[in-house]
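One structure is given below, encoded as structure tokens.
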Amino acid sequence: MRTKIVAATLAGALAGLAAPEAAAQGTLNLYCSVQVEWCQAIATNFQRDSGIRVNMTQRGSGETLAAIRAEGQNPRADVWFGGTGDPHLAAAEENLSQAYESANNALLHPWALTQWRQSNQRAIGVYAGAVGFGFNTELLARKGIEPPRCWADLTQARFRGEIQMANPNSSGTAYVIIATLVQLMGEDPAFAFMRQMHPNVNSYTRSGTAPIKAVARGETGVSLSFVHDAVTERNAGFPVSYATPCEGTGYEIGSMSILRGARNLTQARRFYDWALTEPAQRLGFEAGGQLQQPSNRSAPLPPNAPDLSAMRLIEYDFARYGRAAERRRLIERWDREVGALP
Ligand code: PLP
């Protein structure tokens, strides 16, 4: 799904205030891969703070990478904000983004800067979050199904038709899940596991956040998704809980990149600097109810957000699984061995 928004039309009175300045400050074309409410808040607030007019397009991480590849020599966007880190690393390696060192790097957690160094200064961490299971407590209780605790539980017959995850072609979340399983189990056993789980999966959705929303609505019992999104749904009043897998789990470093050939480079750098500040990083929670760990050290962990330091996290090999060829190979294997199953 693609949502195109011109922040000027959304901002209403704010845009009116910023309009004279906006004309003088130019335009920023923004690709955004977090939830649409957060993308809108980013566009509106940056426009208000800077006077720069923002044209924002929201799509999933895999879909955005595909668009950036297709636009190649003639990029339509200046900055790509958010979405899982692996496709940002692939874009860096394919020379689709460009190096930048912000003075605000000094404000960030070390993991955000690890991403920056690994990408040769082309992608930087803006948030982090772990993958796990979301589940509808009322639906599972009604059906007498014990919630999942471990990856191994997901192949059991009690979850027949109850699980949703996303498709890794469009969703960065799904790719993090596949790369996590490969790192935990070894590649062949991970694919065997996904084939065994397949009869329990009722849909491979386009967007990474669709499965937890389906859990919240009671359309499916279990989602494989980021655990912070389960808390967002619970905070919105849905009977949702989450678990981090007993064997251990992987995580994302949600990232930001300036695209190669950006036509509005001054505006792109201004946005990038702004997006690393504490007030900008609070927007995920304040405007979108999002519960990731922000990369700015002064931005507080939102209330009830899952605490990554309390989880059993794998040493996710971002350098390897962010490599373009490895990413493509694993997704093609998934298409052949899992996605193509009846
Ligand atoms: N929305 C939120 C809130 C996220 O944390 C992420 C991951 O970075 C995404 C969306 C990415 O979505 P997708 O899996 O569709 O690429």
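Naming works like this for the structure tokens: A, B, ... for the chains as they're shown, residue 1 at the start of each chain, ligands 1 onward in shown order.
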
Backbone DSSP call of alpha helix (DSSP H) for range 96-200 of chain A, listed as a ChimeraX atom specification: /A:110-118,137-143,172-185,187-197

Keeping only N, CA and C atoms, write those residues as a short mmCIF file (atom, residue, chain, number, x, y, z; two decimals), in the first residue's frame.
data_model
loop_
_atom_site.label_atom_id
_atom_site.label_comp_id
_atom_site.auth_asym_id
_atom_site.auth_seq_id
_atom_site.Cartn_x
_atom_site.Cartn_y
_atom_site.Cartn_z
N PRO A 110 25.25 3.87 20.90
CA PRO A 110 26.29 3.23 20.09
C PRO A 110 25.73 2.37 18.95
N TRP A 111 24.60 1.67 19.16
CA TRP A 111 24.08 0.78 18.11
C TRP A 111 23.66 1.56 16.87
N ALA A 112 23.24 2.81 17.06
CA ALA A 112 22.84 3.62 15.90
C ALA A 112 24.06 3.99 15.06
N LEU A 113 25.18 4.18 15.76
CA LEU A 113 26.42 4.55 15.06
C LEU A 113 27.11 3.33 14.46
N THR A 114 26.88 2.14 15.05
CA THR A 114 27.40 0.91 14.44
C THR A 114 26.79 0.75 13.04
N GLN A 115 25.51 1.01 12.95
CA GLN A 115 24.82 0.94 11.65
C GLN A 115 25.45 1.94 10.67
N TRP A 116 25.77 3.12 11.16
CA TRP A 116 26.34 4.19 10.34
C TRP A 116 27.72 3.78 9.83
N ARG A 117 28.53 3.21 10.73
CA ARG A 117 29.88 2.79 10.30
C ARG A 117 29.79 1.63 9.33
N GLN A 118 28.91 0.66 9.63
CA GLN A 118 28.81 -0.52 8.76
C GLN A 118 28.33 -0.17 7.35
N THR A 137 -5.39 -12.43 23.33
CA THR A 137 -5.59 -13.26 24.52
C THR A 137 -7.02 -13.81 24.59
N GLU A 138 -8.00 -12.98 24.18
CA GLU A 138 -9.41 -13.44 24.26
C GLU A 138 -9.69 -14.53 23.25
N LEU A 139 -9.19 -14.31 22.02
CA LEU A 139 -9.43 -15.30 20.95
C LEU A 139 -8.78 -16.64 21.29
N LEU A 140 -7.51 -16.60 21.75
CA LEU A 140 -6.84 -17.86 22.08
C LEU A 140 -7.53 -18.55 23.25
N ALA A 141 -7.94 -17.76 24.26
CA ALA A 141 -8.61 -18.37 25.43
C ALA A 141 -9.92 -19.03 25.00
N ARG A 142 -10.66 -18.33 24.11
CA ARG A 142 -11.95 -18.87 23.64
C ARG A 142 -11.76 -20.19 22.91
N LYS A 143 -10.66 -20.27 22.16
CA LYS A 143 -10.40 -21.50 21.40
C LYS A 143 -9.60 -22.53 22.21
N GLY A 172 10.13 -5.35 5.45
CA GLY A 172 11.41 -5.50 6.14
C GLY A 172 11.27 -6.34 7.40
N THR A 173 10.11 -6.24 8.04
CA THR A 173 9.86 -7.02 9.26
C THR A 173 10.00 -8.52 8.97
N ALA A 174 9.37 -8.97 7.87
CA ALA A 174 9.42 -10.39 7.52
C ALA A 174 10.86 -10.83 7.24
N TYR A 175 11.63 -9.96 6.61
CA TYR A 175 13.02 -10.33 6.34
C TYR A 175 13.81 -10.46 7.65
N VAL A 176 13.57 -9.57 8.60
CA VAL A 176 14.26 -9.68 9.90
C VAL A 176 13.91 -11.03 10.55
N ILE A 177 12.64 -11.44 10.43
CA ILE A 177 12.22 -12.71 11.03
C ILE A 177 12.95 -13.88 10.36
N ILE A 178 13.01 -13.87 9.04
CA ILE A 178 13.68 -14.97 8.33
C ILE A 178 15.18 -14.99 8.68
N ALA A 179 15.82 -13.81 8.65
CA ALA A 179 17.25 -13.75 8.97
C ALA A 179 17.50 -14.18 10.42
N THR A 180 16.57 -13.87 11.31
CA THR A 180 16.68 -14.30 12.71
C THR A 180 16.64 -15.82 12.81
N LEU A 181 15.69 -16.44 12.11
CA LEU A 181 15.57 -17.90 12.17
C LEU A 181 16.82 -18.57 11.59
N VAL A 182 17.34 -18.01 10.49
CA VAL A 182 18.55 -18.57 9.88
C VAL A 182 19.72 -18.48 10.87
N GLN A 183 19.82 -17.36 11.58
CA GLN A 183 20.93 -17.21 12.53
C GLN A 183 20.75 -18.09 13.76
N LEU A 184 19.51 -18.32 14.17
CA LEU A 184 19.26 -19.14 15.35
C LEU A 184 19.42 -20.64 15.08
N MET A 185 18.95 -21.07 13.88
CA MET A 185 18.82 -22.51 13.64
C MET A 185 19.83 -23.04 12.65
N GLU A 187 20.73 -22.35 8.25
CA GLU A 187 19.84 -22.02 7.13
C GLU A 187 18.88 -23.15 6.74
N ASP A 188 19.40 -24.36 6.52
CA ASP A 188 18.50 -25.43 6.07
C ASP A 188 17.43 -25.75 7.13
N PRO A 189 17.83 -25.90 8.41
CA PRO A 189 16.78 -26.13 9.42
C PRO A 189 15.78 -24.98 9.52
N ALA A 190 16.23 -23.74 9.29
CA ALA A 190 15.30 -22.61 9.36
C ALA A 190 14.26 -22.71 8.25
N PHE A 191 14.69 -23.08 7.05
CA PHE A 191 13.72 -23.21 5.95
C PHE A 191 12.81 -24.42 6.18
N ALA A 192 13.36 -25.50 6.75
CA ALA A 192 12.51 -26.65 7.07
C ALA A 192 11.45 -26.23 8.09
N PHE A 193 11.88 -25.43 9.07
CA PHE A 193 10.94 -24.93 10.09
C PHE A 193 9.83 -24.09 9.45
N MET A 194 10.22 -23.21 8.53
CA MET A 194 9.20 -22.33 7.91
C MET A 194 8.22 -23.14 7.05
N ARG A 195 8.74 -24.20 6.43
CA ARG A 195 7.83 -25.07 5.64
C ARG A 195 6.86 -25.80 6.58
N GLN A 196 7.39 -26.24 7.74
CA GLN A 196 6.50 -26.92 8.71
C GLN A 196 5.46 -25.97 9.30
N MET A 197 5.87 -24.71 9.45
CA MET A 197 4.94 -23.73 10.02
C MET A 197 3.88 -23.31 9.00
#

May I ask you to write as a VMD selection string all residues lying at most 7 Å from ligand 1, with only C-alpha atoms and all ligand atoms counted? chain A and resid 33 to 35 60 to 62 82 to 84 129 170 to 174 206 to 209 226 229 252 254 290 292

Mind the document's chain letters and residue numbers, and return as JSON, numbers by chain the residues of range 60-174 of chain A that DSSP labels strand (DSSP E or B). {"A": [79, 80, 81, 97, 98, 108, 123, 124, 125, 126, 127, 128, 129, 130, 131, 132, 133, 134, 135, 136, 163, 164, 165, 166]}

Ranking A:Leu330, A:Gly261, A:Pro239, A:Arg48 by minimum distance to Trp274 in chain A and counting only C-alpha atoms, which one comes first? A:Arg48

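Those residues that approach range 267-270 of chain A to within 10 Å, counting only C-alpha atoms, are Gln25, Gly26, Thr27, Leu28, Asn29, Leu30, Phe46, Ser50, Ile52, Arg53, Val54, Ala77, Asp78, Val79, Trp80, Tyr100, Glu101, Ser102, Ser257, Ile258, Leu259, Ala262, Arg263, Asn264, Leu265, Tyr272, Asp273, Trp274 and Ala275 of chain A; same-chain residues fewer than 2 positions away are not listed.
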
Could you tell me how far CA of Gly322 in chain A lies from CA of His88 in chain A, in Å and to one decimal?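 Taking CA of Gly322 in chain A and CA of His88 in chain A, their separation equals 7.7 Å.
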
For Arg312 in chain A, find every residue with an atom within 12 Å (counting only C-alpha atoms), except residues of its own chain fewer than 6 positions away, and show them as a PyMOL selection string. chain A and resi 130-132+150+184+243-251
